[in-house]
>>> print(open('data-v2.csv').read())   # CSV, C-alpha atoms
chain,number,residue,atom,x,y,z
A,147,MET,CA,0.0,0.0,0.0
A,148,PRO,CA,1.2,3.5,-0.7
A,149,ALA,CA,2.6,5.2,2.4
A,150,LEU,CA,5.0,8.0,3.6
A,151,TYR,CA,7.8,6.5,5.6
A,152,VAL,CA,9.4,8.9,8.0
A,153,VAL,CA,13.0,7.4,8.2
A,154,ALA,CA,15.6,8.3,10.8
A,155,THR,CA,19.2,8.4,9.5
A,156,PRO,CA,22.5,8.6,11.3
A,157,LEU,CA,23.7,11.7,13.1
A,158,GLY,CA,27.2,11.1,11.9
A,159,ASN,CA,28.3,7.5,12.3
A,160,LEU,CA,27.0,5.5,9.3
A,161,GLY,CA,27.0,2.3,11.4
A,162,ASP,CA,23.9,3.7,13.2
A,163,ILE,CA,21.5,3.2,10.3
A,164,THR,CA,19.1,0.4,11.0
A,165,LEU,CA,18.4,-2.6,8.9
A,166,ARG,CA,14.8,-1.6,8.5
A,167,ALA,CA,15.8,1.9,7.4
A,168,LEU,CA,18.0,0.4,4.7
A,169,GLU,CA,15.3,-1.9,3.5
A,170,VAL,CA,12.7,0.9,3.3
A,171,LEU,CA,15.1,3.3,1.5
A,172,LYS,CA,15.8,0.6,-1.1
A,173,ARG,CA,12.2,-0.4,-1.7
A,174,VAL,CA,10.3,2.9,-1.8
A,175,ASP,CA,9.8,4.6,-5.2
A,176,ILE,CA,11.2,7.9,-4.2
A,177,ILE,CA,13.1,9.6,-1.3
A,178,ALA,CA,12.3,13.1,-0.2
A,179,ALA,CA,15.4,14.6,1.3
A,180,GLU,CA,16.3,17.9,3.1
A,181,ASP,CA,19.5,18.2,1.1
A,182,THR,CA,19.8,15.9,-1.9
A,183,ARG,CA,23.5,16.3,-2.2
A,184,HIS,CA,24.2,15.5,1.4
A,185,SER,CA,21.8,12.6,1.4
A,186,GLN,CA,23.2,11.2,-1.9
A,187,ARG,CA,26.5,10.6,-0.1
A,188,LEU,CA,24.6,8.5,2.5
A,189,LEU,CA,22.7,6.5,-0.1
A,190,ASP,CA,25.9,5.9,-2.1
A,191,ALA,CA,27.7,4.6,1.0
A,192,CYS,CA,24.8,2.3,1.8
A,193,GLY,CA,24.3,1.0,-1.7
A,194,VAL,CA,20.8,2.6,-2.1
A,195,GLN,CA,20.0,3.6,-5.7
A,196,THR,CA,16.5,5.1,-5.1
A,197,ARG,CA,16.0,8.5,-6.7
A,198,LEU,CA,15.9,11.7,-4.5
A,199,ILE,CA,13.7,14.7,-4.6
A,200,ALA,CA,14.1,17.8,-2.4
A,201,LEU,CA,11.9,18.5,0.6
A,202,HIS,CA,13.3,21.3,2.8
A,203,GLU,CA,12.2,24.3,4.8
A,204,HIS,CA,11.7,26.6,1.8
A,205,ASN,CA,9.7,24.2,-0.5
A,206,GLU,CA,7.9,22.0,2.0
A,207,GLN,CA,4.4,22.9,0.9
A,208,SER,CA,5.0,22.3,-2.8
A,209,ALA,CA,7.1,19.2,-2.1
A,210,ALA,CA,4.2,17.8,0.1
A,211,THR,CA,1.9,18.3,-2.9
A,212,GLU,CA,4.3,16.3,-5.1
A,213,VAL,CA,4.5,13.5,-2.4
A,214,ILE,CA,0.7,13.4,-2.2
A,215,ARG,CA,0.5,13.1,-6.0
A,216,ARG,CA,2.9,10.2,-6.0
A,217,LEU,CA,1.0,8.5,-3.2
A,218,GLY,CA,-2.2,8.9,-5.2
A,219,GLU,CA,-0.5,7.1,-8.0
A,220,GLY,CA,0.2,4.2,-5.7
A,221,GLN,CA,3.8,4.9,-5.1
A,222,SER,CA,5.6,4.8,-1.7
A,223,VAL,CA,7.8,7.6,-0.5
A,224,ALA,CA,10.5,7.9,2.2
A,225,MET,CA,11.3,11.2,3.9
A,226,ILE,CA,14.7,11.8,5.5
A,227,THR,CA,16.6,14.8,6.8
A,228,ASP,CA,20.3,15.6,6.9
A,229,ALA,CA,20.7,13.7,10.2
A,230,GLY,CA,18.4,12.2,12.8
A,231,THR,CA,14.6,12.0,12.8
A,232,PRO,CA,12.6,14.1,10.4
A,233,ALA,CA,10.1,16.7,11.7
A,234,ILE,CA,11.9,17.0,15.0
A,235,SER,CA,13.3,20.6,14.8
A,236,ASP,CA,13.8,19.7,11.1
A,237,PRO,CA,11.6,19.9,8.0
A,238,GLY,CA,8.8,17.4,7.6
A,239,ALA,CA,6.0,18.2,10.1
A,240,ARG,CA,3.9,20.1,7.6
A,241,ALA,CA,4.4,17.5,5.0
A,242,VAL,CA,3.3,14.8,7.4
A,243,ALA,CA,0.2,16.8,8.3
A,244,ARG,CA,-0.7,17.3,4.6
A,245,VAL,CA,-0.2,13.6,3.9
A,246,ARG,CA,-2.4,12.6,6.8
A,247,GLU,CA,-5.1,15.1,5.8
A,248,ALA,CA,-5.1,13.5,2.3
A,249,GLY,CA,-5.9,10.2,3.9
A,250,PHE,CA,-2.6,8.3,3.3
A,251,ARG,CA,-0.6,6.3,5.8
A,252,VAL,CA,2.4,7.8,7.6
A,253,VAL,CA,4.8,5.1,9.0
A,254,PRO,CA,7.6,5.9,11.4
A,255,VAL,CA,10.9,4.1,10.9
A,256,PRO,CA,12.6,5.0,14.2
A,257,GLY,CA,16.3,5.4,14.7
A,258,PRO,CA,18.9,8.1,15.7
A,259,SER,CA,17.7,11.2,17.6
A,260,ALA,CA,20.2,13.8,18.9
A,261,ALA,CA,17.9,14.7,21.8
A,262,ILE,CA,17.5,11.1,23.0
A,263,ALA,CA,21.2,10.3,22.4
A,264,ALA,CA,22.3,13.2,24.6
A,265,LEU,CA,19.7,12.4,27.3
A,266,SER,CA,21.0,8.9,27.5
A,267,VAL,CA,24.5,10.1,28.5
A,268,ALA,CA,23.6,13.1,30.6
A,269,GLY,CA,22.8,11.4,33.9
A,270,PHE,CA,19.9,13.7,34.8
A,271,ASP,CA,17.2,12.0,36.8
A,272,GLN,CA,14.3,14.4,37.0
A,273,GLY,CA,11.4,12.3,36.0
A,274,GLY,CA,11.0,13.5,32.4
A,275,PHE,CA,12.2,16.1,29.9
A,276,LEU,CA,10.8,19.0,28.0
A,277,PHE,CA,12.0,19.3,24.4
A,278,VAL,CA,12.4,22.9,23.4
A,279,GLY,CA,14.1,22.6,20.0
A,280,PHE,CA,15.9,25.7,18.8
A,281,LEU,CA,15.7,28.9,20.9
A,282,PRO,CA,14.8,32.2,19.0
A,283,ALA,CA,17.7,33.8,17.0
A,284,LYS,CA,17.4,37.3,18.5
A,285,SER,CA,18.6,37.9,22.1
A,286,GLY,CA,15.4,39.6,23.4
A,287,ALA,CA,13.1,36.9,22.1
A,288,ARG,CA,15.6,34.2,23.3
A,289,ARG,CA,15.7,35.6,26.8
A,290,ALA,CA,11.9,35.8,26.9
A,291,ALA,CA,11.7,32.2,25.8
A,292,ILE,CA,14.2,31.1,28.5
A,293,GLU,CA,12.3,33.1,31.2
A,294,ALA,CA,9.1,31.3,30.2
A,295,LEU,CA,10.9,28.0,30.9
A,296,ARG,CA,12.4,29.0,34.3
A,297,ALA,CA,9.7,27.2,36.4
A,298,GLN,CA,9.8,24.0,34.4
A,299,THR,CA,11.0,21.1,36.6
A,300,PRO,CA,11.8,18.5,33.9
A,301,THR,CA,15.2,18.6,32.2
A,302,LEU,CA,15.2,21.1,29.3
A,303,VAL,CA,16.5,19.8,26.0
A,304,MET,CA,17.3,22.2,23.2
A,305,TYR,CA,19.4,22.3,20.0
A,306,GLU,CA,21.8,25.1,19.0
A,307,SER,CA,24.0,25.9,16.1
A,308,PRO,CA,27.7,26.8,16.3
A,309,HIS,CA,26.9,30.4,15.1
A,310,ARG,CA,24.7,31.1,18.2
A,311,ILE,CA,26.0,28.8,20.9
A,312,ALA,CA,28.0,31.5,22.7
A,313,GLU,CA,25.1,34.0,22.8
A,314,SER,CA,22.6,31.3,23.9
A,315,LEU,CA,24.9,30.1,26.8
A,316,ALA,CA,25.3,33.7,27.9
A,317,ASP,CA,21.5,34.3,27.9
A,318,LEU,CA,20.8,31.0,29.7
A,319,ALA,CA,23.3,31.9,32.5
A,320,ALA,CA,21.9,35.4,32.8
A,321,THR,CA,18.2,34.3,32.8
A,322,LEU,CA,18.3,31.1,34.8
A,323,GLU,CA,20.2,30.3,38.0
A,324,PRO,CA,24.0,30.1,37.2
A,325,THR,CA,24.2,27.2,39.7
A,326,ARG,CA,22.0,24.9,37.5
A,327,GLU,CA,23.9,22.2,35.8
A,328,ILE,CA,24.0,21.9,32.0
A,329,VAL,CA,25.2,19.1,29.7
A,330,ILE,CA,26.7,20.3,26.5
A,331,ALA,CA,26.8,17.6,23.8
A,332,ARG,CA,28.4,18.4,20.5
A,333,GLU,CA,29.1,16.4,17.4
A,334,LEU,CA,27.3,13.3,18.7
A,335,THR,CA,28.5,10.1,17.1
A,336,LYS,CA,31.0,11.9,15.0
A,337,LEU,CA,34.8,11.9,15.2
A,338,HIS,CA,35.1,14.9,17.6
A,339,GLU,CA,32.1,14.0,19.8
A,340,GLN,CA,32.3,15.7,23.2
A,341,VAL,CA,29.9,15.6,26.2
A,342,VAL,CA,30.6,17.8,29.2
A,343,ARG,CA,28.6,18.5,32.4
A,344,LEU,CA,29.2,21.7,34.3
A,345,THR,CA,27.2,24.6,35.8
A,346,LEU,CA,25.5,27.3,33.7
A,347,GLY,CA,27.8,29.9,35.2
A,348,ASP,CA,30.9,28.0,33.9
A,349,ALA,CA,29.5,27.1,30.5
A,350,LEU,CA,30.5,30.1,28.5
A,351,ALA,CA,34.1,30.1,29.9
A,352,TRP,CA,34.4,26.4,28.9
A,353,LEU,CA,33.2,27.2,25.4
A,354,GLN,CA,35.7,30.1,25.0
A,355,SER,CA,38.6,28.1,26.5
A,356,ASP,CA,39.2,26.3,23.2
A,357,PRO,CA,38.1,27.3,19.6
A,358,ASN,CA,37.2,23.7,18.9
A,359,HIS,CA,34.6,23.8,21.7
A,360,ALA,CA,32.4,26.0,19.5
A,361,ARG,CA,32.4,23.8,16.5
A,362,GLY,CA,29.7,21.4,15.4
A,363,GLU,CA,26.0,20.9,16.2
A,364,PHE,CA,25.0,21.1,19.8
A,365,VAL,CA,22.4,19.6,22.1
A,366,LEU,CA,22.0,21.4,25.4
A,367,LEU,CA,20.4,19.7,28.4
A,368,ILE,CA,19.7,22.0,31.4
A,369,GLU,CA,18.7,20.9,34.9
A,370,GLY,CA,15.1,21.7,35.6
A,371,ALA,CA,13.9,24.0,38.3
A,372,PRO,CA,14.2,22.5,41.8
A,373,ALA,CA,11.0,21.1,43.3
A,374,ARG,CA,9.4,23.4,45.8
A,375,GLU,CA,7.0,23.0,48.6
A,376,GLY,CA,3.8,24.8,48.2
A,377,LEU,CA,3.1,26.7,45.0
A,378,ASP,CA,5.2,26.2,41.9
A,379,LEU,CA,7.2,29.2,40.6
A,380,GLU,CA,4.8,30.0,37.7
A,381,THR,CA,1.7,30.0,40.0
A,382,GLU,CA,3.6,32.2,42.5
A,383,ARG,CA,4.5,34.6,39.6
A,384,VAL,CA,0.9,34.8,38.4
A,385,LEU,CA,-0.4,35.4,41.9
A,386,SER,CA,2.1,38.1,42.6
A,387,LEU,CA,1.3,40.0,39.4
A,388,LEU,CA,-2.4,39.9,40.1
A,389,LEU,CA,-1.9,41.0,43.7
A,390,ALA,CA,-0.1,44.1,42.5
A,391,GLU,CA,-3.2,45.3,40.6
A,392,LEU,CA,-6.2,43.7,42.3
A,393,PRO,CA,-7.8,43.1,45.7
A,394,LEU,CA,-6.7,40.0,47.5
A,395,LYS,CA,-9.8,37.9,47.1
A,396,THR,CA,-10.1,38.8,43.4
A,397,ALA,CA,-6.4,38.1,42.8
A,398,ALA,CA,-6.7,34.6,44.5
A,399,ARG,CA,-9.8,33.7,42.5
A,400,LEU,CA,-8.3,34.7,39.1
A,401,ALA,CA,-5.0,33.0,39.9
A,402,SER,CA,-7.0,29.9,40.6
A,403,GLU,CA,-8.8,30.1,37.3
A,404,ILE,CA,-5.6,30.7,35.4
A,405,THR,CA,-3.4,28.1,37.1
A,406,ARG,CA,-6.1,25.6,38.1
A,407,GLN,CA,-4.6,25.5,41.6
A,408,PRO,CA,-6.8,25.3,44.7
A,409,ARG,CA,-8.3,28.7,45.5
A,410,ASN,CA,-7.9,28.2,49.3
A,411,ALA,CA,-4.1,27.6,48.9
A,412,LEU,CA,-3.8,30.6,46.7
A,413,TYR,CA,-5.8,32.8,49.1
A,414,ALA,CA,-3.6,31.7,52.0
A,415,ARG,CA,-0.4,32.4,50.0
A,416,ALA,CA,-1.9,35.8,49.0
A,417,LEU,CA,-2.3,36.7,52.7
A,418,GLU,CA,1.3,35.8,53.3
A,419,LEU,CA,2.5,38.0,50.5
A,420,LYS,CA,0.3,40.9,51.6
A,421,GLN,CA,1.8,40.6,55.1
A,422,GLY,CA,5.3,40.8,53.7
>>> encode(input="data-v2.csv", output="structure tokens")
Amino acid sequence: MPALYVVATPLGNLGDITLRALEVLKRVDIIAAEDTRHSQRLLDACGVQTRLIALHEHNEQSAATEVIRRLGEGQSVAMITDAGTPAISDPGARAVARVREAGFRVVPVPGPSAAIAALSVAGFDQGGFLFVGFLPAKSGARRAAIEALRAQTPTLVMYESPHRIAESLADLAATLEPTREIVIARELTKLHEQVVRLTLGDALAWLQSDPNHARGEFVLLIEGAPAREGLDLETERVLSLLLAELPLKTAARLASEITRQPRNALYARALELKQG
């Protein structure tokens, strides 16, 4: 039956490609790739002769239309990105949505993922993680995005490019507590793979201590906010903002509706805040 196969490919080490991925790439009628020149080298190394078409950030809608046309003709299509799993901070999510809307099957062919690979060697044990993807490119928006994550207790997982790694580490240290631990994983599964764990306050100095530290693709894993007794940080922030503008009872009621926390607990905390 025609289907779109979402195929994970190696982050760097070609030995990480799965047997199923190889079988699918050889048997489908066409492969939609983020960068056809980059992917052609992978296919050549693996002995795959299937033809490539481009599906990337700038043509995803038109490429999705082409994929749907081929599926309608009874063909099967594989989708790959330059490295790792498609549609995870990479092109592909919109194409998958379009194919689903058109009524065709979408089949995952799992394999390498930079986020999961980094988590497996980080040693954080916080009961889950929050995948952020890439932070905004501009500093103001980036700091606002980091601030919005401040109260999150799971491990924060984000990607970063070599061009913005220094600015992102500086903004993370300035916005979050510098004592939080961070794992910096770069060039995973490649020749110069490196994974270090240190505090946010020391991260920028480590990066700048060696020009090689700023090279490659990065996964950043940041320790979540410490668990607190009573209200979480975000609920406390909401309550404090409302208290600054509204009577105590009204602030507690609205904070309860916004955060879905018990009104009695919010009212008691509001009394404490009012009393200094």
>>> residues_around(input="data-v2.csv", residues="Arg399 in chain A", least_positions_apart="2", cutoff="10 Å", atoms="only C-alpha atoms", output="number ranges by chain")
A: 385, 388, 394-397, 401-404, 406-410, 412-413
>>> residues_around(input="data-v2.csv", residues="range 278-281 of chain A", least_positions_apart="4", cutoff="8 Å", atoms="all atoms listed in the file", output="ChimeraX atom specification")
/A:234-235,288,291,302-306,314
>>> atom_distance(input="data-v2.csv", atom1="CA of Arg383 in chain A", atom2="CA of Leu346 in chain A")
23.0 Å
>>> atom_distance(input="data-v2.csv", atom1="CA of Ala248 in chain A", atom2="CA of Gly218 in chain A")
9.3 Å
>>> closest_atom_pairs(input="data-v2.csv", of="range 233-286 of chain A", to="range 192-215 of chain A", cutoff="7 Å", atoms="all atoms listed in the file", output="tab-separated table")
residue	atom	partner	partner_atom	distance
A:Pro237	CA	A:Glu203	CA	5.5
A:Ala241	CA	A:Ala210	CA	4.9
A:Arg244	CA	A:Ala210	CA	6.7
A:Val245	CA	A:Ile214	CA	6.2
>>> atom_distance(input="data-v2.csv", atom1="CA of Leu165 in chain A", atom2="CA of Gly269 in chain A")
29.0 Å
>>> residues_near_point(input="data-v2.csv", point="(-0.2, 33.2, 50.8)", cutoff="10 Å", atoms="all atoms listed in the file", output="PyMOL selection string")
chain A and resi 376-377+382+385-386+394+398+410-422
>>> closest_residue(input="data-v2.csv", among="A:Phe277, A:Leu217, A:Val174, A:Leu189", to="Arg246 in chain A", atoms="all atoms listed in the file")
A:Leu217
>>> decode(input="data-v2.csv", residues="range 363-406 of chain A", atoms="N, CA and C atoms", output="JSON list (two decimals), in the first residue's frame")
[["chain", "number", "residue", "atom", "x", "y", "z"],
["A", 363, "GLU", "N", 27.41, 20.74, 15.79],
["A", 363, "GLU", "CA", 26.02, 20.91, 16.18],
["A", 363, "GLU", "C", 25.87, 20.53, 17.65],
["A", 364, "PHE", "N", 25.04, 21.28, 18.39],
["A", 364, "PHE", "CA", 24.96, 21.14, 19.83],
["A", 364, "PHE", "C", 23.59, 20.67, 20.30],
["A", 365, "VAL", "N", 23.61, 19.84, 21.34],
["A", 365, "VAL", "CA", 22.42, 19.56, 22.13],
["A", 365, "VAL", "C", 22.72, 20.06, 23.54],
["A", 366, "LEU", "N", 21.85, 20.88, 24.09],
["A", 366, "LEU", "CA", 22.00, 21.41, 25.45],
["A", 366, "LEU", "C", 20.93, 20.79, 26.34],
["A", 367, "LEU", "N", 21.35, 20.25, 27.47],
["A", 367, "LEU", "CA", 20.42, 19.69, 28.45],
["A", 367, "LEU", "C", 20.62, 20.43, 29.76],
["A", 368, "ILE", "N", 19.57, 21.06, 30.23],
["A", 368, "ILE", "CA", 19.67, 21.96, 31.39],
["A", 368, "ILE", "C", 18.82, 21.42, 32.52],
["A", 369, "GLU", "N", 19.42, 21.36, 33.68],
["A", 369, "GLU", "CA", 18.72, 20.89, 34.87],
["A", 369, "GLU", "C", 17.45, 21.69, 35.08],
["A", 370, "GLY", "N", 16.34, 21.00, 35.36],
["A", 370, "GLY", "CA", 15.08, 21.67, 35.60],
["A", 370, "GLY", "C", 15.08, 22.44, 36.90],
["A", 371, "ALA", "N", 14.03, 23.27, 37.08],
["A", 371, "ALA", "CA", 13.90, 24.03, 38.33],
["A", 371, "ALA", "C", 13.74, 23.07, 39.50],
["A", 372, "PRO", "N", 14.35, 23.36, 40.64],
["A", 372, "PRO", "CA", 14.20, 22.48, 41.79],
["A", 372, "PRO", "C", 12.76, 22.43, 42.26],
["A", 373, "ALA", "N", 12.33, 21.25, 42.71],
["A", 373, "ALA", "CA", 10.98, 21.10, 43.25],
["A", 373, "ALA", "C", 10.83, 21.95, 44.51],
["A", 374, "ARG", "N", 9.68, 22.58, 44.66],
["A", 374, "ARG", "CA", 9.44, 23.44, 45.82],
["A", 374, "ARG", "C", 8.21, 22.98, 46.56],
["A", 375, "GLU", "N", 8.23, 23.21, 47.87],
["A", 375, "GLU", "CA", 7.02, 22.97, 48.65],
["A", 375, "GLU", "C", 6.05, 24.10, 48.37],
["A", 376, "GLY", "N", 4.78, 23.78, 48.42],
["A", 376, "GLY", "CA", 3.77, 24.80, 48.18],
["A", 376, "GLY", "C", 3.56, 25.06, 46.71],
["A", 377, "LEU", "N", 3.37, 26.33, 46.34],
["A", 377, "LEU", "CA", 3.06, 26.69, 44.96],
["A", 377, "LEU", "C", 4.31, 26.60, 44.08],
["A", 378, "ASP", "N", 4.12, 26.22, 42.80],
["A", 378, "ASP", "CA", 5.25, 26.24, 41.88],
["A", 378, "ASP", "C", 5.57, 27.68, 41.49],
["A", 379, "LEU", "N", 6.72, 27.87, 40.86],
["A", 379, "LEU", "CA", 7.20, 29.22, 40.56],
["A", 379, "LEU", "C", 6.26, 29.99, 39.64],
["A", 380, "GLU", "N", 5.69, 29.31, 38.65],
["A", 380, "GLU", "CA", 4.81, 30.00, 37.71],
["A", 380, "GLU", "C", 3.53, 30.45, 38.40],
["A", 381, "THR", "N", 2.96, 29.60, 39.26],
["A", 381, "THR", "CA", 1.75, 29.98, 39.99],
["A", 381, "THR", "C", 2.04, 31.16, 40.91],
["A", 382, "GLU", "N", 3.18, 31.13, 41.57],
["A", 382, "GLU", "CA", 3.58, 32.24, 42.45],
["A", 382, "GLU", "C", 3.73, 33.53, 41.66],
["A", 383, "ARG", "N", 4.29, 33.42, 40.47],
["A", 383, "ARG", "CA", 4.47, 34.62, 39.63],
["A", 383, "ARG", "C", 3.13, 35.22, 39.22],
["A", 384, "VAL", "N", 2.21, 34.35, 38.79],
["A", 384, "VAL", "CA", 0.89, 34.82, 38.39],
["A", 384, "VAL", "C", 0.18, 35.49, 39.56],
["A", 385, "LEU", "N", 0.23, 34.86, 40.73],
["A", 385, "LEU", "CA", -0.43, 35.41, 41.90],
["A", 385, "LEU", "C", 0.16, 36.77, 42.28],
["A", 386, "SER", "N", 1.47, 36.89, 42.24],
["A", 386, "SER", "CA", 2.12, 38.14, 42.60],
["A", 386, "SER", "C", 1.74, 39.27, 41.64],
["A", 387, "LEU", "N", 1.67, 38.96, 40.35],
["A", 387, "LEU", "CA", 1.29, 39.98, 39.37],
["A", 387, "LEU", "C", -0.15, 40.45, 39.59],
["A", 388, "LEU", "N", -1.03, 39.51, 39.87],
["A", 388, "LEU", "CA", -2.43, 39.89, 40.10],
["A", 388, "LEU", "C", -2.60, 40.67, 41.40],
["A", 389, "LEU", "N", -1.85, 40.29, 42.42],
["A", 389, "LEU", "CA", -1.93, 40.99, 43.71],
["A", 389, "LEU", "C", -1.48, 42.44, 43.59],
["A", 390, "ALA", "N", -0.57, 42.71, 42.67],
["A", 390, "ALA", "CA", -0.08, 44.07, 42.50],
["A", 390, "ALA", "C", -1.14, 45.01, 41.93],
["A", 391, "GLU", "N", -2.19, 44.43, 41.32],
["A", 391, "GLU", "CA", -3.19, 45.25, 40.64],
["A", 391, "GLU", "C", -4.61, 45.10, 41.20],
["A", 392, "LEU", "N", -4.87, 44.02, 41.94],
["A", 392, "LEU", "CA", -6.25, 43.69, 42.32],
["A", 392, "LEU", "C", -6.37, 43.43, 43.82],
["A", 393, "PRO", "N", -7.60, 43.52, 44.35],
["A", 393, "PRO", "CA", -7.82, 43.13, 45.75],
["A", 393, "PRO", "C", -7.46, 41.67, 45.97],
["A", 394, "LEU", "N", -7.18, 41.32, 47.21],
["A", 394, "LEU", "CA", -6.66, 40.01, 47.55],
["A", 394, "LEU", "C", -7.59, 38.88, 47.09],
["A", 395, "LYS", "N", -8.87, 38.95, 47.41],
["A", 395, "LYS", "CA", -9.79, 37.87, 47.07],
["A", 395, "LYS", "C", -9.92, 37.71, 45.55],
["A", 396, "THR", "N", -9.97, 38.84, 44.85],
["A", 396, "THR", "CA", -10.08, 38.78, 43.39],
["A", 396, "THR", "C", -8.83, 38.18, 42.78],
["A", 397, "ALA", "N", -7.68, 38.58, 43.29],
["A", 397, "ALA", "CA", -6.42, 38.05, 42.78],
["A", 397, "ALA", "C", -6.33, 36.55, 42.98],
["A", 398, "ALA", "N", -6.73, 36.08, 44.17],
["A", 398, "ALA", "CA", -6.68, 34.65, 44.45],
["A", 398, "ALA", "C", -7.64, 33.87, 43.55],
["A", 399, "ARG", "N", -8.84, 34.44, 43.33],
["A", 399, "ARG", "CA", -9.82, 33.75, 42.47],
["A", 399, "ARG", "C", -9.32, 33.66, 41.04],
["A", 400, "LEU", "N", -8.82, 34.77, 40.51],
["A", 400, "LEU", "CA", -8.34, 34.75, 39.12],
["A", 400, "LEU", "C", -7.10, 33.86, 38.97],
["A", 401, "ALA", "N", -6.21, 33.90, 39.95],
["A", 401, "ALA", "CA", -5.03, 33.04, 39.89],
["A", 401, "ALA", "C", -5.43, 31.57, 39.88],
["A", 402, "SER", "N", -6.46, 31.24, 40.63],
["A", 402, "SER", "CA", -6.96, 29.86, 40.65],
["A", 402, "SER", "C", -7.51, 29.46, 39.29],
["A", 403, "GLU", "N", -8.24, 30.37, 38.63],
["A", 403, "GLU", "CA", -8.80, 30.07, 37.32],
["A", 403, "GLU", "C", -7.71, 29.94, 36.26],
["A", 404, "ILE", "N", -6.66, 30.75, 36.38],
["A", 404, "ILE", "CA", -5.58, 30.73, 35.39],
["A", 404, "ILE", "C", -4.70, 29.50, 35.55],
["A", 405, "THR", "N", -4.34, 29.19, 36.80],
["A", 405, "THR", "CA", -3.37, 28.12, 37.06],
["A", 405, "THR", "C", -4.00, 26.78, 37.40],
["A", 406, "ARG", "N", -5.33, 26.79, 37.68],
["A", 406, "ARG", "CA", -6.06, 25.58, 38.08],
["A", 406, "ARG", "C", -5.53, 24.99, 39.39]]
